[in-house]
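A quick write-up on the structure given underneath.
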Amino acid sequence: MKIRLDNVVKTFETFRAVRDVSLEIESGELVALLGPSGSGKTTILRMVAGLEYADAGHIYFGTEDATDIPVRDRGVGFVFQHYALFPHMTVTENIAFGMKVSKVRRDKAAIDARVTELLRLVQLDGLGERFPGQISGGQRQRVALARALAVDPKVLLLDEPFGALDANVRRDLRRWLREIHQELGITTLFVTHDQEEALDLADRVVILDKGQIVQQGTPEDVCRNPASAFVMNFLGDTNRFTAAVSGGVARLGNATIPAPGFSDGPVEIFLRPSDLGWNVSGEGIPATVARVIDRPAGRRILAVTASGEAVELDVAPETQVSAQDKGIIIIERARVYAAA
Ligand SMILES: Nc1ncnc2c1ncn2[C@@H]1O[C@H](COP(=O)(O)OP(=O)(O)OP(=O)(O)O)[C@@H](O)[C@H]1O
């Protein structure tokens, strides 16, 4: 099912939470809505679900205007951050619940067969007789997804479904959700404020700020070409500097950074740790090493520049460097944006 939002606006009393949002989600696509707290992600999701009405604009399910489609007829499955499982029902009963109350009548054998199939899909075979209190948080979210899928939704809406879980469980569930999505191909809208989660999971990422879409594209697009200082900063893992442009170049330390198209005046410069290097001499930013951190992916240096700014940079694991060393941060790539 294709979903289209056309100039959607939502105001709470005087506060405009969603401003003129237009967005298309293709049939079978997995789209992540990514943005800081309060940027309007949940409100957009709730409008798609029919739990909230837009003040202006339209939402289409396929070619049909969804305004007149009641929530229960939208064919939407939800999973929220806080497990909305019924604590007094077993896993099996929780998954079967939607089918029992659905307008589509199913006999007991059909419901049992569907529950067995879903338990297999979410890899919880054998746990059907447990109660929610007897399984882990990650398993509870898988039950919540099985319950959402039980009624064959045309659209799946997920609001920070893994938000309350620890990092390793989140990573496993992400991988698992992507596999399920590949298998079932249900149009999915996923809300998160976690950049890594959105980039890891989604076919397309839609970045919101203050109720507006500020950029959308594949994870590769948005990582390679952040459209603004906000996006660059929000995607994370970057060092931020302010500098002055003069004659089309900016200076950081003794390095010159091309800033074509910028007139003389202040700019923001972002340097990703992976776009920096460390050397004993050369053209760059003079700095002192404060700490060296070894990680599975390599070594990270925390350095402090001569003017007191903290900078993080990634170097090869075998790089000889230790705290208190003085040297030069070599800039391999910089991104320049107009000062906010
Ligand atoms: N029912 C409501 N009444 C008044 N204001 C609301 C209501 N629902 C949301 N808001 C406001 O609208 C803005 C957007 O909220 P929303 O929950 O959509 O943001 P979000 O991006 O999902 O944030 P989070 O990541 O914190 O969940 C916020 O400033 C919020 O306080």
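In the structure tokens, chains take the letters A, B, ... in the order shown, each chain's residues start at 1, and ligands count up from 1 in the order shown.
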Let me see if you get this right: every residue at most 6 Å from ligand 1, counting only C-alpha atoms and all ligand atoms, written as a count of residues only.
11
When DSSP works through the backbone of this structure, what residues of region 80-164 of chain A end up as strand (DSSP E or B), shown as a short mmCIF file (atom, residue, chain, number, x, y, z; two decimals) with N, CA and C atoms, in the first residue's frame?
data_model
loop_
_atom_site.label_atom_id
_atom_site.label_comp_id
_atom_site.auth_asym_id
_atom_site.auth_seq_id
_atom_site.Cartn_x
_atom_site.Cartn_y
_atom_site.Cartn_z
N PHE A 80 4.53 0.04 19.62
CA PHE A 80 5.03 1.20 20.34
C PHE A 80 6.21 0.83 21.23
N VAL A 155 -0.13 -1.77 6.25
CA VAL A 155 0.87 -0.78 6.65
C VAL A 155 1.29 -1.08 8.08
N LEU A 156 2.59 -0.99 8.34
CA LEU A 156 3.09 -1.22 9.68
C LEU A 156 3.68 0.09 10.21
N LEU A 157 3.24 0.50 11.41
CA LEU A 157 3.73 1.74 12.00
C LEU A 157 4.46 1.40 13.30
N LEU A 158 5.72 1.78 13.37
CA LEU A 158 6.54 1.41 14.52
C LEU A 158 7.07 2.68 15.16
N ASP A 159 6.73 2.90 16.44
CA ASP A 159 7.16 4.13 17.12
C ASP A 159 8.21 3.78 18.17
#
Residues of region 13-88 of chain A classed as helix (DSSP H, G or I) by DSSP on the backbone are to be reported as a list in words.
Lys41, Thr42, Thr43, Ile44, Leu45, Arg46, Met47, Val48, Ala49, Ala66, Thr67, Asp68, Val71, Arg72 and Asp73 of chain A
Identify, on the basis of only C-alpha atoms, every residue whose closest approach to Val76 (chain A) does not exceed 9 Å; exclude the query and any residue fewer than 5 positions from it along the same chain; express the result as number ranges by chain.
A: 48-49, 71, 148, 151-157
Could you take the residues named above and write them with C-alpha atoms, as a CSV table (one decimal), in the first residue's frame?
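Result went into out-v8.csv, see below:
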chain,number,residue,atom,x,y,z
A,48,VAL,CA,-1.2,8.1,9.3
A,49,ALA,CA,-2.8,5.7,11.8
A,71,VAL,CA,-8.8,3.7,12.3
A,148,ALA,CA,0.5,-6.3,14.9
A,151,VAL,CA,-4.3,-9.3,11.2
A,152,ASP,CA,-2.4,-8.9,7.9
A,153,PRO,CA,-1.9,-5.2,8.0
A,154,LYS,CA,-1.2,-3.3,4.7
A,155,VAL,CA,0.9,-0.8,6.6
A,156,LEU,CA,3.1,-1.2,9.7
A,157,LEU,CA,3.7,1.7,12.0
So which residues touch Arg16 (chain A) within 12 Å, counting only C-alpha atoms, skipping near sequence neighbours fewer than 3 positions away, as a short mmCIF file (atom, residue, chain, number, x, y, z; two decimals) with C-alpha atoms, in the first residue's frame?
data_model
loop_
_atom_site.label_atom_id
_atom_site.label_comp_id
_atom_site.auth_asym_id
_atom_site.auth_seq_id
_atom_site.Cartn_x
_atom_site.Cartn_y
_atom_site.Cartn_z
CA VAL A 8 -0.03 18.05 6.12
CA VAL A 9 -0.27 20.48 9.04
CA LYS A 10 -1.01 19.78 12.71
CA THR A 11 -1.36 22.42 15.41
CA PHE A 12 -1.88 21.74 19.12
CA GLU A 13 -3.61 24.83 20.48
CA ARG A 19 4.34 22.14 9.20
CA ASP A 20 3.45 21.42 5.63
CA VAL A 21 4.83 17.92 5.42
CA GLY A 38 9.65 17.14 19.64
CA SER A 39 10.30 17.32 15.88
CA GLY A 40 6.86 15.88 15.09
CA THR A 43 2.40 13.15 15.47
CA ALA A 54 -4.53 16.79 10.25
CA ASP A 55 -5.66 20.46 10.40
CA ALA A 56 -4.79 20.92 6.76
CA LYS A 210 10.69 21.53 14.20
CA GLY A 211 7.85 19.83 12.34
CA GLN A 212 9.42 20.13 8.89
#
What is the distance between CA of Thr256 (chain A) and CA of Asp325 (chain A), in Å to one decimal?
23.6 Å
Do you know which residues are at most 10 Å from Met1 (chain A) counting only C-alpha atoms, after dropping those on the same chain fewer than 3 positions away, and could you put them as a PyMOL selection string?
chain A and resi 4+25-29+60-63+75+153-155+186-188
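Residues lying within 10 Å of Phe131 (chain A), counting only C-alpha atoms and ignoring same-chain neighbours fewer than 2 positions away, are Leu85, Phe86, Pro87, His88, Met89, Thr90, Val91, Thr92, Glu93, Asn94, Leu127, Gly128, Glu129, Gly133, Gln134, Ile135 and Arg140 of chain A.
CA of Asp209 (chain A) to CA of Gln195 (chain A) spans 13.6 Å [interatomic distance, one decimal].
Among the candidate residues A:Ala255, A:Val311, A:Ile44, A:Leu302, the one lying nearest to Phe241 (chain A) is A:Val311, with distances computed using only C-alpha atoms.
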Using only C-alpha atoms, the residue out of A:Asp112, A:Glu160, A:Leu208, A:Ile330 with shortest distance to Leu189 (chain A) is A:Glu160
